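Novice: The following file, data-v6.cif, comprises mmCIF, C-alpha atoms (C1' of nucleotides):
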data_final
#
loop_
_atom_site.label_atom_id
_atom_site.label_comp_id
_atom_site.auth_asym_id
_atom_site.auth_seq_id
_atom_site.Cartn_x
_atom_site.Cartn_y
_atom_site.Cartn_z
CA MET A 155 102.81 97.16 143.13
CA LYS A 156 104.62 99.95 141.35
CA ILE A 157 106.05 99.43 137.87
CA ALA A 158 108.16 101.85 135.86
CA SER A 159 109.95 102.46 132.58
CA TRP A 160 112.92 104.70 131.88
CA ASN A 161 115.02 105.32 128.80
CA VAL A 162 118.29 106.20 130.55
CA ASN A 163 120.29 107.08 127.40
CA SER A 164 123.46 105.28 128.56
CA LEU A 165 123.42 103.45 131.87
CA LYS A 166 127.16 104.03 132.15
CA VAL A 167 126.52 107.75 132.47
CA ARG A 168 123.18 107.47 134.28
CA LEU A 169 123.89 104.77 136.89
CA PRO A 170 124.19 107.25 139.79
CA GLN A 171 120.88 108.79 138.79
CA LEU A 172 119.21 105.40 138.49
CA LEU A 173 120.38 104.42 141.99
CA GLN A 174 119.22 107.77 143.40
CA TRP A 175 115.87 107.36 141.71
CA LEU A 176 115.40 103.75 142.89
CA ALA A 177 116.09 104.86 146.46
CA THR A 178 113.46 107.60 146.15
CA GLU A 179 110.68 105.76 144.32
CA SER A 180 111.28 102.12 145.32
CA PRO A 181 109.48 100.70 142.27
CA ASP A 182 108.87 96.93 142.29
CA VAL A 183 109.66 96.43 138.60
CA VAL A 184 111.56 98.69 136.22
CA GLY A 185 112.16 98.37 132.49
CA LEU A 186 115.21 100.27 131.23
CA GLN A 187 116.01 101.17 127.63
CA GLU A 188 119.11 102.45 125.85
CA THR A 189 121.55 101.03 128.34
CA LYS A 190 124.19 101.15 125.57
CA LEU A 191 126.34 98.58 127.38
CA VAL A 192 127.59 95.15 126.40
CA ASP A 193 126.63 92.53 128.99
CA GLU A 194 130.22 92.25 130.27
CA SER A 195 130.08 95.93 131.29
CA PHE A 196 126.60 95.90 132.87
CA PRO A 197 126.65 97.26 136.47
CA ALA A 198 124.87 94.21 137.93
CA ALA A 199 126.71 94.38 141.26
CA GLU A 200 125.70 98.00 141.92
CA ILE A 201 122.07 97.27 141.09
CA ASP A 202 122.13 94.13 143.21
CA ALA A 203 123.51 96.18 146.11
CA ALA A 204 120.56 98.54 145.69
CA GLY A 205 118.21 95.62 146.42
CA TYR A 206 117.21 94.62 142.91
CA HIS A 207 117.46 91.50 140.82
CA VAL A 208 118.35 92.41 137.25
CA VAL A 209 118.38 90.75 133.82
CA PHE A 210 119.79 92.51 130.78
CA ALA A 211 120.52 92.22 127.08
CA GLY A 212 122.94 94.69 125.59
CA GLN A 213 125.09 95.42 122.59
CA LYS A 214 127.91 97.78 121.80
CA ALA A 215 127.09 101.51 121.64
CA TYR A 216 123.38 101.28 120.84
CA ASN A 217 120.07 100.04 122.25
CA GLY A 218 120.17 97.63 125.20
CA VAL A 219 117.37 96.77 127.65
CA ALA A 220 117.18 95.56 131.25
CA VAL A 221 114.50 94.62 133.79
CA LEU A 222 114.95 95.21 137.52
CA SER A 223 112.78 93.57 140.19
CA ARG A 224 112.83 94.39 143.88
CA ARG A 225 114.26 91.55 145.91
CA ASP A 226 112.18 92.18 149.06
CA THR A 227 108.78 92.35 147.34
CA LEU A 228 108.81 90.40 144.08
CA GLY A 229 110.93 87.47 143.12
CA GLU A 230 113.52 86.95 140.45
CA ALA A 231 112.72 87.22 136.73
CA THR A 232 112.23 83.92 134.92
CA ASP A 233 111.33 82.84 131.39
CA VAL A 234 113.44 85.62 129.90
CA ALA A 235 112.78 86.39 126.24
CA THR A 236 115.05 88.70 124.27
CA ASP A 237 113.73 88.12 120.76
CA ILE A 238 110.36 88.36 119.09
CA PRO A 239 109.36 85.40 116.92
CA GLY A 240 109.62 86.26 113.24
CA LEU A 241 111.77 89.29 113.92
CA ASP A 242 115.36 88.34 113.21
CA ASP A 243 116.82 91.40 114.89
CA PRO A 244 120.37 91.64 116.21
CA GLN A 245 119.44 94.91 117.94
CA ARG A 246 118.75 94.44 121.65
CA ARG A 247 115.36 96.10 122.06
CA VAL A 248 113.19 93.51 123.81
CA MET A 249 113.08 91.89 127.22
CA GLY A 250 110.12 89.81 128.34
CA VAL A 251 110.16 88.32 131.82
CA THR A 252 107.90 86.62 134.34
CA ILE A 253 108.02 87.93 137.90
CA GLY A 254 105.66 86.07 140.21
CA ASP A 255 102.27 86.16 138.47
CA LEU A 256 103.23 89.18 136.37
CA ARG A 257 104.35 88.97 132.76
CA PHE A 258 106.39 92.07 131.94
CA LEU A 259 107.57 93.13 128.48
CA ASP A 260 110.13 95.92 128.15
CA LEU A 261 110.43 97.49 124.68
CA TYR A 262 112.72 99.95 122.99
CA VAL A 263 110.78 100.58 119.78
CA PRO A 264 112.95 101.79 116.87
CA ASN A 265 113.05 105.54 116.36
CA GLY A 266 112.17 105.52 112.65
CA ALA A 267 114.47 108.40 111.67
CA GLU A 268 112.27 109.93 108.97
CA VAL A 269 108.91 108.97 107.48
CA GLY A 270 109.54 106.92 104.35
CA SER A 271 113.13 106.03 105.23
CA ASP A 272 114.46 102.47 105.55
CA LYS A 273 114.53 102.94 109.32
CA TYR A 274 110.89 103.98 109.26
CA GLU A 275 109.94 100.83 107.33
CA TYR A 276 111.91 98.81 109.84
CA LYS A 277 110.00 100.49 112.68
CA ILE A 278 106.60 99.74 111.12
CA ASP A 279 107.56 96.13 110.44
CA TRP A 280 108.99 95.80 113.96
CA LEU A 281 105.74 97.07 115.46
CA GLU A 282 103.72 94.62 113.37
CA LYS A 283 105.79 91.64 114.51
CA CYS A 284 105.73 92.92 118.07
CA SER A 285 101.97 93.27 117.95
CA ARG A 286 101.55 89.62 116.98
CA TYR A 287 103.82 88.59 119.83
CA ILE A 288 101.87 90.72 122.30
CA GLU A 289 98.61 89.22 121.08
CA ALA A 290 99.93 85.74 121.85
CA GLN A 291 101.34 86.81 125.22
CA LEU A 292 98.00 88.34 126.20
CA GLN A 293 96.34 84.98 125.74
CA GLN A 294 98.88 83.30 127.99
CA HIS A 295 99.16 85.85 130.79
CA GLU A 296 96.27 87.46 132.61
CA ARG A 297 98.48 89.99 134.36
CA PHE A 298 100.54 91.41 131.50
CA ALA A 299 102.30 94.79 131.27
CA VAL A 300 104.04 96.23 128.22
CA VAL A 301 106.28 99.19 129.01
CA GLY A 302 108.97 101.13 127.30
CA ASP A 303 110.06 103.80 124.90
CA PHE A 304 107.50 103.34 122.13
CA ASN A 305 108.77 106.28 120.09
CA ILE A 306 105.13 107.10 119.32
CA ALA A 307 103.09 110.01 120.65
CA PRO A 308 99.60 108.46 120.50
CA GLU A 309 97.48 111.62 120.38
CA ASP A 310 97.86 115.32 119.66
CA ALA A 311 97.53 115.87 123.41
CA ASP A 312 100.87 114.08 123.71
CA VAL A 313 102.63 116.63 121.46
CA HIS A 314 103.70 120.15 122.44
CA ASP A 315 103.07 121.52 118.92
CA PRO A 316 100.71 119.17 117.06
CA ALA A 317 100.50 121.41 113.99
CA GLY A 318 104.26 121.62 113.66
CA TRP A 319 104.66 117.88 114.14
CA THR A 320 101.92 116.78 111.74
CA GLY A 321 103.08 113.87 109.61
CA GLN A 322 106.51 113.71 111.24
CA VAL A 323 108.09 110.55 112.59
CA LEU A 324 106.80 109.71 116.12
CA VAL A 325 103.32 111.07 115.29
CA SER A 326 102.67 109.80 111.74
CA GLY A 327 99.45 107.95 110.90
CA PRO A 328 100.94 104.47 110.48
CA GLU A 329 102.81 104.74 113.79
CA ARG A 330 99.71 105.90 115.65
CA GLN A 331 97.67 103.15 114.00
CA ALA A 332 100.23 100.59 115.18
CA PHE A 333 99.83 101.95 118.71
CA GLN A 334 96.04 101.79 118.46
CA ARG A 335 96.28 98.19 117.29
CA LEU A 336 98.08 97.36 120.55
CA LEU A 337 95.21 98.92 122.49
CA GLY A 338 92.80 96.98 120.28
CA LEU A 339 94.38 93.74 121.44
CA GLY A 340 93.18 94.50 124.95
CA LEU A 341 95.89 96.72 126.38
CA THR A 342 95.17 100.02 128.13
CA ASP A 343 97.40 103.11 128.26
CA THR A 344 97.48 103.56 132.04
CA PHE A 345 98.29 107.28 131.73
CA ARG A 346 94.92 107.92 130.08
CA LEU A 347 92.99 106.07 132.78
CA PHE A 348 93.27 109.18 134.92
CA GLU A 349 92.66 112.89 134.75
CA GLN A 350 96.02 114.45 133.88
CA GLU A 351 97.37 117.96 133.70
CA PRO A 352 97.69 119.23 130.10
CA GLU A 353 101.08 119.18 128.40
CA ILE A 354 102.58 116.22 130.23
CA PHE A 355 105.47 114.80 128.22
CA SER A 356 108.15 112.14 128.76
CA TRP A 357 110.83 113.28 126.31
CA TRP A 358 112.36 116.67 125.56
CA ASP A 359 115.09 117.38 123.02
CA TYR A 360 118.40 118.34 124.60
CA ARG A 361 118.59 121.31 122.26
CA MET A 362 116.96 124.73 122.18
CA GLY A 363 116.02 124.69 125.86
CA ALA A 364 113.21 122.28 125.04
CA PHE A 365 112.75 121.02 128.61
CA ARG A 366 112.74 124.51 130.12
CA ARG A 367 110.06 125.49 127.58
CA ASN A 368 108.26 122.14 127.99
CA ARG A 369 108.49 121.47 124.27
CA GLY A 370 108.23 117.69 124.49
CA LEU A 371 106.41 114.54 123.50
CA ARG A 372 104.83 111.71 125.50
CA ILE A 373 106.41 108.65 123.89
CA ASP A 374 107.14 106.45 126.93
CA HIS A 375 104.20 104.32 128.00
CA ILE A 376 102.89 101.71 130.41
CA LEU A 377 100.24 99.52 128.80
CA VAL A 378 98.45 96.81 130.76
CA SER A 379 95.99 93.94 130.36
CA ALA A 380 92.42 94.20 131.66
CA ALA A 381 93.21 92.41 134.92
CA LEU A 382 95.92 94.94 135.74
CA ARG A 383 93.88 97.88 134.51
CA ASP A 384 91.17 97.08 137.03
CA THR A 385 93.60 97.52 139.92
CA CYS A 386 95.58 100.49 138.55
CA ASN A 387 95.23 103.53 140.79
CA LEU A 388 97.94 105.89 139.52
CA SER A 389 99.95 106.57 136.38
CA ARG A 390 102.32 109.48 135.98
CA VAL A 391 105.48 110.90 134.47
CA ASP A 392 108.26 111.73 136.94
CA ARG A 393 109.80 114.95 135.61
CA GLU A 394 112.20 115.25 138.53
CA PRO A 395 115.22 113.36 137.09
CA ARG A 396 115.02 115.50 133.94
CA THR A 397 115.93 118.51 136.14
CA TRP A 398 119.13 116.86 137.43
CA ASP A 399 122.65 117.46 136.10
CA ARG A 400 123.46 115.45 132.97
CA PRO A 401 119.91 114.12 132.64
CA SER A 402 118.57 111.53 130.24
CA ASP A 403 116.43 113.21 127.61
CA HIS A 404 113.60 110.89 128.79
CA ALA A 405 111.77 111.03 132.11
CA PRO A 406 110.74 107.85 133.94
CA VAL A 407 107.06 106.85 133.79
CA LEU A 408 105.32 104.96 136.60
CA ALA A 409 102.08 103.12 137.30
CA GLU A 410 100.76 101.81 140.62
CA PHE A 411 98.39 98.93 141.30
CA SER A 412 96.47 97.89 144.39
CA LEU A 413 97.06 94.23 143.51
"C1'" DA B 257 116.82 123.18 104.61
"C1'" DT B 258 120.04 123.21 108.59
"C1'" DG B 259 121.61 123.15 113.22
"C1'" DG B 260 120.99 123.10 117.79
"C1'" DC B 261 122.63 118.76 122.28
"C1'" DA B 262 124.26 114.41 124.09
"C1'" DG B 263 126.47 109.74 124.02
"C1'" DG B 264 129.48 106.29 121.77
"C1'" DT B 265 133.43 105.14 119.11
"C1'" DA B 266 137.94 105.97 119.31
"C1'" DC B 267 141.21 110.02 119.07
"C1'" DG B 268 139.10 112.61 114.32
"C1'" DA B 269 135.05 113.24 112.78
"C1'" DC B 270 130.98 110.71 112.22
"C1'" DC B 271 126.74 107.95 113.54
"C1'" DT B 272 122.42 107.82 116.12
"C1'" DG B 273 118.86 109.58 118.59
"C1'" DA B 274 113.65 111.83 118.48
#
So, in terms of structure tokens, how does the structure I just supplied come out?
Specialist:
Amino acid sequence: MKIASWNVNSLKVRLPQLLQWLATESPDVVGLQETKLVDESFPAAEIDAAGYHVVFAGQKAYNGVAVLSRRDTLGEATDVATDIPGLDDPQRRVMGVTIGDLRFLDLYVPNGAEVGSDKYEYKIDWLEKCSRYIEAQLQQHERFAVVGDFNIAPEDADVHDPAGWTGQVLVSGPERQAFQRLLGLGLTDTFRLFEQEPEIFSWWDYRMGAFRRNRGLRIDHILVSAALRDTCNLSRVDREPRTWDRPSDHAPVLAEFSL
DNA sequence: ATGGCAGGTACGACCTGA
């Protein structure tokens, strides 16, 4: 089983790239973020034609999430959740689904704008509510994966210039503590299960030639429960789509499991 | 401290992202 997460930064623009990437990688389950499409405009027919079931929750201009599942390997998504209890949030940032015996939660964590701002407080509160939800889900589902754009670089090794980023949004103490709390609930960052090359990132600013200079952050993650961790045999960032024309600023991340 | 790039909205700048 291969699961993936990709912040596509507008599915309207990135649909051809998504289809190309699905054909190349054939993941079984994919969580998308920042589709930026209302449900009426979601390209369900094109994704269906590519061999995937899809469920989605969008809004105008911002946010928007979707989960794809391969028709020939895994079944359709059921028990779809688009809201976290206690978080009265009109923004479409969450999609929890059950696919076979897998519980899969796709997240687009708020960006946070600037440490101390209203958006930052919203992010911290959002993570707290999300953490409680994940804790409950972990007790109900043995095989549980939480993927998405977390907008948190967990360690200095996930930052191209840790000194320059110290205290900034995406790396600040409270954000990193929120991420560690998720791990404390019993989730594992699959990327860190394996020896990795240094300076592997999943997001690069569009400006200043950041990708060419590999000035990025690792903020997209695949976290899994203990049962999934025990069968995980690969976790990586796929830089390839970031080299294509009109790329998303995020690269897809993938994890593979023997069961 | 600011802008730099990209997408969306809506057609002129402005908002958001990270």
Novice: Select from chain B every residue with an atom at most 12 Å from any atom of chain A, then for each give the shortest pair of atoms and their distance in Å to one decimal, using all atoms listed in the file, rows by chain and rising number, as JSON lines.
Specialist:
{"residue": "B:DG259", "atom": "C1'", "partner": "A:Arg361", "partner_atom": "CA", "distance": 9.7}
{"residue": "B:DG260", "atom": "C1'", "partner": "A:Arg361", "partner_atom": "CA", "distance": 5.4}
{"residue": "B:DC261", "atom": "C1'", "partner": "A:Arg361", "partner_atom": "CA", "distance": 4.8}
{"residue": "B:DA262", "atom": "C1'", "partner": "A:Tyr360", "partner_atom": "CA", "distance": 7.1}
{"residue": "B:DG263", "atom": "C1'", "partner": "A:Ser164", "partner_atom": "CA", "distance": 7.0}
{"residue": "B:DG264", "atom": "C1'", "partner": "A:Ala215", "partner_atom": "CA", "distance": 5.3}
{"residue": "B:DT265", "atom": "C1'", "partner": "A:Ala215", "partner_atom": "CA", "distance": 7.7}
{"residue": "B:DA266", "atom": "C1'", "partner": "A:Ala215", "partner_atom": "CA", "distance": 12.0}
{"residue": "B:DC271", "atom": "C1'", "partner": "A:Ala215", "partner_atom": "CA", "distance": 10.4}
{"residue": "B:DT272", "atom": "C1'", "partner": "A:Tyr216", "partner_atom": "CA", "distance": 8.1}
{"residue": "B:DG273", "atom": "C1'", "partner": "A:Asn265", "partner_atom": "CA", "distance": 7.4}
{"residue": "B:DA274", "atom": "C1'", "partner": "A:Asn265", "partner_atom": "CA", "distance": 6.7}
Novice: Run the PyMOL selection byres ((chain A and resi 269) around 12) against the file shown and list the residues it catches, as a ChimeraX atom specification.
Specialist: /A:265-268,270-278,319-329
Novice: Could you state which residues are captured by the PyMOL selection byres ((chain A and resi 225) around 9) in this file, as a ChimeraX atom specification?
Specialist: /A:182,202,205-207,223-224,226-230
Novice: Counting all atoms listed in the file, which residues have an atom no more than 12 Å from (115.9, 109.2, 143.4) in the file's coordinates? Please list them as a PyMOL selection string.
Specialist: chain A and resi 168-181+204+392-398+406
Novice: Please determine, counting all atoms listed in the file, which residue among A:Arg335, A:Arg247, A:His404, A:Arg367 has the shortest atom-to-atom distance to Ser285 in chain A.
Specialist: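 Going through A:Arg335, A:Arg247, A:His404, A:Arg367 one by one, the smallest distance to Ser285 in chain A is for A:Arg335.
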Novice: Quick one: apply the PyMOL selection byres ((chain A and resi 413) around 8) to the file and drop the selected residues here as a PDB file with C-alpha atoms, in the frame of the given file.
Specialist:
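Contents of expr-v8.pdb, freshly written:
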ATOM      1  CA  MET A 155     102.810  97.160 143.130  1.00  0.00           C
ATOM      2  CA  LEU A 382      95.920  94.940 135.740  1.00  0.00           C
ATOM      3  CA  THR A 385      93.600  97.520 139.920  1.00  0.00           C
ATOM      4  CA  PHE A 411      98.390  98.930 141.300  1.00  0.00           C
ATOM      5  CA  SER A 412      96.470  97.890 144.390  1.00  0.00           C
TER       6      SER A 412
END
Novice: Here is a test: counting all atoms listed in the file, which residue of A:Ala409, A:Val251, A:Val300, A:Ala311 is nearest to Lys156 in chain A?
Specialist: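 Looking at the shortest contact to Lys156 in chain A, the residue is A:Ala409.
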Novice: Using CA of Arg372 in chain A and CA of Phe355 in chain A as the two end points, give the distance in Å to one decimal.
Specialist: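 Between these atoms lies a distance of 4.2 Å.
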Novice: Box for range 287-301 of chain A - axis-aligned, 8 Å on each of the six sides, all listed atoms - centre and size in Å to one decimal, as lines of an AutoDock Vina configuration file.
Specialist:
center_x = 101.3
center_y = 91.2
center_z = 127.1
size_x = 26.0
size_y = 31.9
size_z = 30.5
Novice: Take CA of Leu336 in chain A and CA of Asn368 in chain A and report the distance between them in Å, one decimal.
Specialist: 27.8 Å
Novice: Work out how far apart CA of Leu388 in chain A and CA of Thr344 in chain A are and give it in Å to one decimal.
Specialist: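 Separating CA of Leu388 in chain A from CA of Thr344 in chain A is a distance of 7.8 Å.
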